[in-house]
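Working notes, structure below.
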Amino acid sequence: MKIFVAGGTGAIGRPLLDQLLTKGHNVVALTRSPERAQSLAAQGIEPAIADVFDPDAVKAAINQTQPEVVIEQLTALPKTYSRESMSAAGPLNTRIRLEGGANVLAAAQAAGVCRYLRQSVAFWGIPGDGLADEETPLSLDASPAVAADARLVTEIEYRLLESNLEGIALRYGFFYGPGTWFNPDGDVAQQIRQQQFPIVGNGDGVWSWLHIEDAAIATVAAAEQGNSGVYLIVDDQPLAVRDWLPAFARSLNAPPPPRVSIEDALELEGGADIVYYQTQMRGASNAKAKRELNFQPRPLEWMVSTAVAHAS
């Protein structure tokens, strides 16, 4: 198939382009940089040069290349994972997902594209017992930043799923692996080494993980055989913070993470969001993706490595 990728330079974009090429697809990637266009062409990828905030240019790019499928992975996330950097990046990230995404979606509709996939988020399911699935309501009344992101996800998914395209929203778990915050050379790993990533309260918040290459593999499977609607793309090991964080620290040969009370965490800037992540986050089920996409995620790497270390 001919597949157009918007957002091919981010953490998931790079392995996604590689996976699409490996599967034999004809790949077009959107870029606004002539230098990046040369690099894409050298990889065997057709570059489409346009600024995602220029609707006419985006429309021309998609109309000219005539893809069968569009995959939208537009984000503007910082290299550092901190309250300050995330707040600073927030306005552009929101704009690129709303305005940029709307431009790509409108261009795809105008060009008669059949199928449209876009990035979404797996960990905003409303807190409750068990794992969230695709029907679980999102946390629209949670802590401030979480609620804002849940509303953003709701809006962009609604736009897509109410369009006349075969729309697929891929709700990814927390990315780890090369190029992500949660890699041994990533920002969170550095924070853990410096004792700057504590466990808050009882650490009961459950996180669902996803290796960045598994995200790419699942995305290609959805492009090839997915049905319209929402898919939760996460691994098989949803884990409470009190379990995954010490294990990650051990895998890094870092000291155990410190502990902070909920009361002290609430005193910090963005404290309500920190407490939500650490104590209320709900894990997600990948049953639908496994059933319909034959999704087979790898085990969480640092849980495997620490288990092997303990056994030896």
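A note on labels: chains of the structure tokens are A, B, ... as shown, every chain counts residues from 1, and ligands are counted from 1 in their shown order.
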So that I can see what lies close to Ala61 (chain A), please list as a ChimeraX atom specification the residues with an atom at most 10 Å from it, counting only C-alpha atoms and leaving out residues fewer than 5 positions away in the same chain. /A:4,28-30,47-50,55-56,66,104,107-108,111
What are the nearest atom pairs, with distances in Å to one decimal, for all residues of region 20-130 of chain A that come at most 12 Å from region 161-171 of chain A, using only C-alpha atoms, set out by chain and rising residue number as CSV?
```
residue,atom,partner,partner_atom,distance
A:Glu68,CA,A:Glu166,CA,10.9
A:Val69,CA,A:Glu166,CA,9.3
A:Val70,CA,A:Gly167,CA,9.8
A:Ile71,CA,A:Ile168,CA,9.4
A:Glu72,CA,A:Ala169,CA,9.8
A:Gln73,CA,A:Leu170,CA,9.9
A:Ala102,CA,A:Ser163,CA,11.2
A:Leu105,CA,A:Ser163,CA,8.9
A:Ala106,CA,A:Ser163,CA,9.5
A:Ala107,CA,A:Leu165,CA,11.7
A:Ala108,CA,A:Leu165,CA,8.6
A:Gln109,CA,A:Leu165,CA,7.1
A:Ala110,CA,A:Leu165,CA,10.6
A:Ala111,CA,A:Leu165,CA,11.1
A:Gly112,CA,A:Leu165,CA,8.6
A:Val113,CA,A:Leu165,CA,7.3
A:Cys114,CA,A:Leu165,CA,5.9
A:Arg115,CA,A:Glu166,CA,4.6
A:Tyr116,CA,A:Gly167,CA,5.0
A:Leu117,CA,A:Ile168,CA,4.7
A:Arg118,CA,A:Ala169,CA,5.3
A:Gln119,CA,A:Leu170,CA,5.3
A:Ser120,CA,A:Arg171,CA,4.3
A:Val121,CA,A:Arg171,CA,4.2
A:Ala122,CA,A:Arg171,CA,4.4
A:Phe123,CA,A:Arg171,CA,8.0
A:Trp124,CA,A:Arg171,CA,9.5
A:Gly125,CA,A:Arg171,CA,10.6
```
Can you write out as JSON lines which residues of region 32-124 of chain A fall within 12 Å of region 9-14 of chain A, alongside each residue's closest atom pair and its distance in Å to one decimal, counting only C-alpha atoms and ordering rows by chain and ascending residue number?
```
{"residue": "A:Arg32", "atom": "CA", "partner": "A:Thr9", "partner_atom": "CA", "distance": 11.0}
{"residue": "A:Ser33", "atom": "CA", "partner": "A:Thr9", "partner_atom": "CA", "distance": 11.1}
{"residue": "A:Arg36", "atom": "CA", "partner": "A:Thr9", "partner_atom": "CA", "distance": 9.1}
{"residue": "A:Ala37", "atom": "CA", "partner": "A:Thr9", "partner_atom": "CA", "distance": 11.1}
{"residue": "A:Ser39", "atom": "CA", "partner": "A:Thr9", "partner_atom": "CA", "distance": 11.1}
{"residue": "A:Leu40", "atom": "CA", "partner": "A:Thr9", "partner_atom": "CA", "distance": 10.0}
{"residue": "A:Gln43", "atom": "CA", "partner": "A:Arg14", "partner_atom": "CA", "distance": 11.2}
{"residue": "A:Ile45", "atom": "CA", "partner": "A:Arg14", "partner_atom": "CA", "distance": 11.7}
{"residue": "A:Ile71", "atom": "CA", "partner": "A:Gly13", "partner_atom": "CA", "distance": 9.8}
{"residue": "A:Glu72", "atom": "CA", "partner": "A:Gly13", "partner_atom": "CA", "distance": 9.4}
{"residue": "A:Gln73", "atom": "CA", "partner": "A:Gly13", "partner_atom": "CA", "distance": 6.9}
{"residue": "A:Leu74", "atom": "CA", "partner": "A:Gly10", "partner_atom": "CA", "distance": 8.2}
{"residue": "A:Thr75", "atom": "CA", "partner": "A:Gly10", "partner_atom": "CA", "distance": 7.7}
{"residue": "A:Ala76", "atom": "CA", "partner": "A:Gly10", "partner_atom": "CA", "distance": 8.4}
{"residue": "A:Leu77", "atom": "CA", "partner": "A:Gly10", "partner_atom": "CA", "distance": 8.8}
{"residue": "A:Pro78", "atom": "CA", "partner": "A:Gly10", "partner_atom": "CA", "distance": 10.5}
{"residue": "A:Lys79", "atom": "CA", "partner": "A:Ala11", "partner_atom": "CA", "distance": 10.2}
{"residue": "A:Arg118", "atom": "CA", "partner": "A:Gly13", "partner_atom": "CA", "distance": 11.9}
{"residue": "A:Gln119", "atom": "CA", "partner": "A:Ile12", "partner_atom": "CA", "distance": 9.8}
```
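What separates CA of Ala289 (chain A) from CA of Thr180 (chain A) is a distance of 22.5 Å.
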Name the residues in contact with Glu155 (chain A) at a cut-off of 9 Å, using only C-alpha atoms, excluding same-chain residues fewer than 5 positions from it; report them as a list of chain:residue names.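 Those residues are A:Leu98, A:Ala150, A:Leu160.
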Could you write those residues out with C-alpha atoms, as a compact mmCIF listing (two decimals), in the first residue's frame?
```txt
# COMPACT_ATOMS: atom_id res chain seq x y z
CA LEU A 98 -5.32 19.91 17.15
CA ALA A 150 -8.06 13.54 28.35
CA LEU A 160 -11.50 11.16 13.38
```
May I have the residues within 9 Å of Pro127 (chain A) as a ChimeraX atom specification, using only C-alpha atoms and disregarding those fewer than 4 positions away in the same chain? /A:132,138-139,280-283
Strand (DSSP E or B) per DSSP on the backbone: members of region 44-276 of chain A, as number ranges by chain: A: 46-49, 69-72, 115-121, 125, 132, 138, 166-172, 174-176, 182, 199-200, 206-207, 209-211, 229-233, 239-240, 259-260
Show which residues sit within 7 Å of Phe53 (chain A), as a PyMOL selection string. Count only C-alpha atoms, and ignore same-chain residues fewer than 2 positions away. chain A and resi 51+55+99-100
Same residues, all heavy atoms, output as a PDB file, in the first residue's frame:
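Result written to part.pdb:
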```
ATOM      1  N   ASP A  51       4.639  22.542   5.627  1.00  0.00           N
ATOM      2  CA  ASP A  51       4.467  22.876   7.038  1.00  0.00           C
ATOM      3  C   ASP A  51       3.083  22.398   7.451  1.00  0.00           C
ATOM      4  O   ASP A  51       2.068  22.733   6.813  1.00  0.00           O
ATOM      5  CB  ASP A  51       4.583  24.391   7.222  1.00  0.00           C
ATOM      6  CG  ASP A  51       4.587  24.806   8.687  1.00  0.00           C
ATOM      7  OD1 ASP A  51       3.881  24.164   9.491  1.00  0.00           O
ATOM      8  OD2 ASP A  51       5.263  25.787   9.017  1.00  0.00           O
ATOM      9  N   PRO A  55      -2.501  24.658   5.772  1.00  0.00           N
ATOM     10  CA  PRO A  55      -3.474  23.678   5.272  1.00  0.00           C
ATOM     11  C   PRO A  55      -3.415  23.476   3.761  1.00  0.00           C
ATOM     12  O   PRO A  55      -3.599  22.351   3.284  1.00  0.00           O
ATOM     13  CB  PRO A  55      -4.825  24.260   5.707  1.00  0.00           C
ATOM     14  CG  PRO A  55      -4.563  25.701   5.995  1.00  0.00           C
ATOM     15  CD  PRO A  55      -3.158  25.784   6.459  1.00  0.00           C
ATOM     16  N   GLU A  99      -4.541  21.600  15.596  1.00  0.00           N
ATOM     17  CA  GLU A  99      -4.552  22.333  14.330  1.00  0.00           C
ATOM     18  C   GLU A  99      -3.824  21.565  13.223  1.00  0.00           C
ATOM     19  O   GLU A  99      -4.352  21.396  12.117  1.00  0.00           O
ATOM     20  CB  GLU A  99      -3.909  23.704  14.529  1.00  0.00           C
ATOM     21  CG  GLU A  99      -3.920  24.576  13.272  1.00  0.00           C
ATOM     22  CD  GLU A  99      -3.218  25.902  13.484  1.00  0.00           C
ATOM     23  OE1 GLU A  99      -3.137  26.368  14.656  1.00  0.00           O
ATOM     24  OE2 GLU A  99      -2.734  26.491  12.492  1.00  0.00           O
ATOM     25  N   GLY A 100      -2.606  21.105  13.541  1.00  0.00           N
ATOM     26  CA  GLY A 100      -1.874  20.338  12.541  1.00  0.00           C
ATOM     27  C   GLY A 100      -2.612  19.068  12.159  1.00  0.00           C
ATOM     28  O   GLY A 100      -2.737  18.728  10.982  1.00  0.00           O
TER      29      GLY A 100
END
```
Interatomic distance (Å, one decimal) between CA of Pro144 (chain A) and CA of Arg259 (chain A):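 Separation of CA of Pro144 (chain A) and CA of Arg259 (chain A): 23.2 Å.
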All residues 9 Å or closer to Arg298 (chain A), only C-alpha atoms, same chain fewer than 6 positions away omitted, as a list in words: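 Here the answer would be Leu210, His211, Asp214, Asp235 and Asp236 of chain A.
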From A:Glu84, A:Thr31, A:Ala215, A:Lys288, residue lying nearest Tyr176 (chain A) [only C-alpha atoms]: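 When distances to Tyr176 (chain A) are compared using only C-alpha atoms, the smallest one comes from A:Ala215.
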Near-Trp181 (chain A) list (12 Å; only C-alpha atoms; drop same-chain fewer than 3 positions) as a count of residues only: 23
So which residues of region 58-215 of chain A fall under alpha helix (DSSP H) by DSSP, listed as a count of residues only? 61
Minimum-distance residue to Pro297 (chain A), chosen among A:Gly203, A:Gly271, A:Gly173, A:Gly229 (using only C-alpha atoms):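 The closest residue to Pro297 (chain A) is A:Gly173.
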Considering only C-alpha atoms, can you say which of A:Gln64, A:Leu92, A:Trp244, A:Ala216 comes closest to Gly8 (chain A)?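 Of A:Gln64, A:Leu92, A:Trp244, A:Ala216, the one nearest Gly8 (chain A), counting only C-alpha atoms, is A:Ala216.
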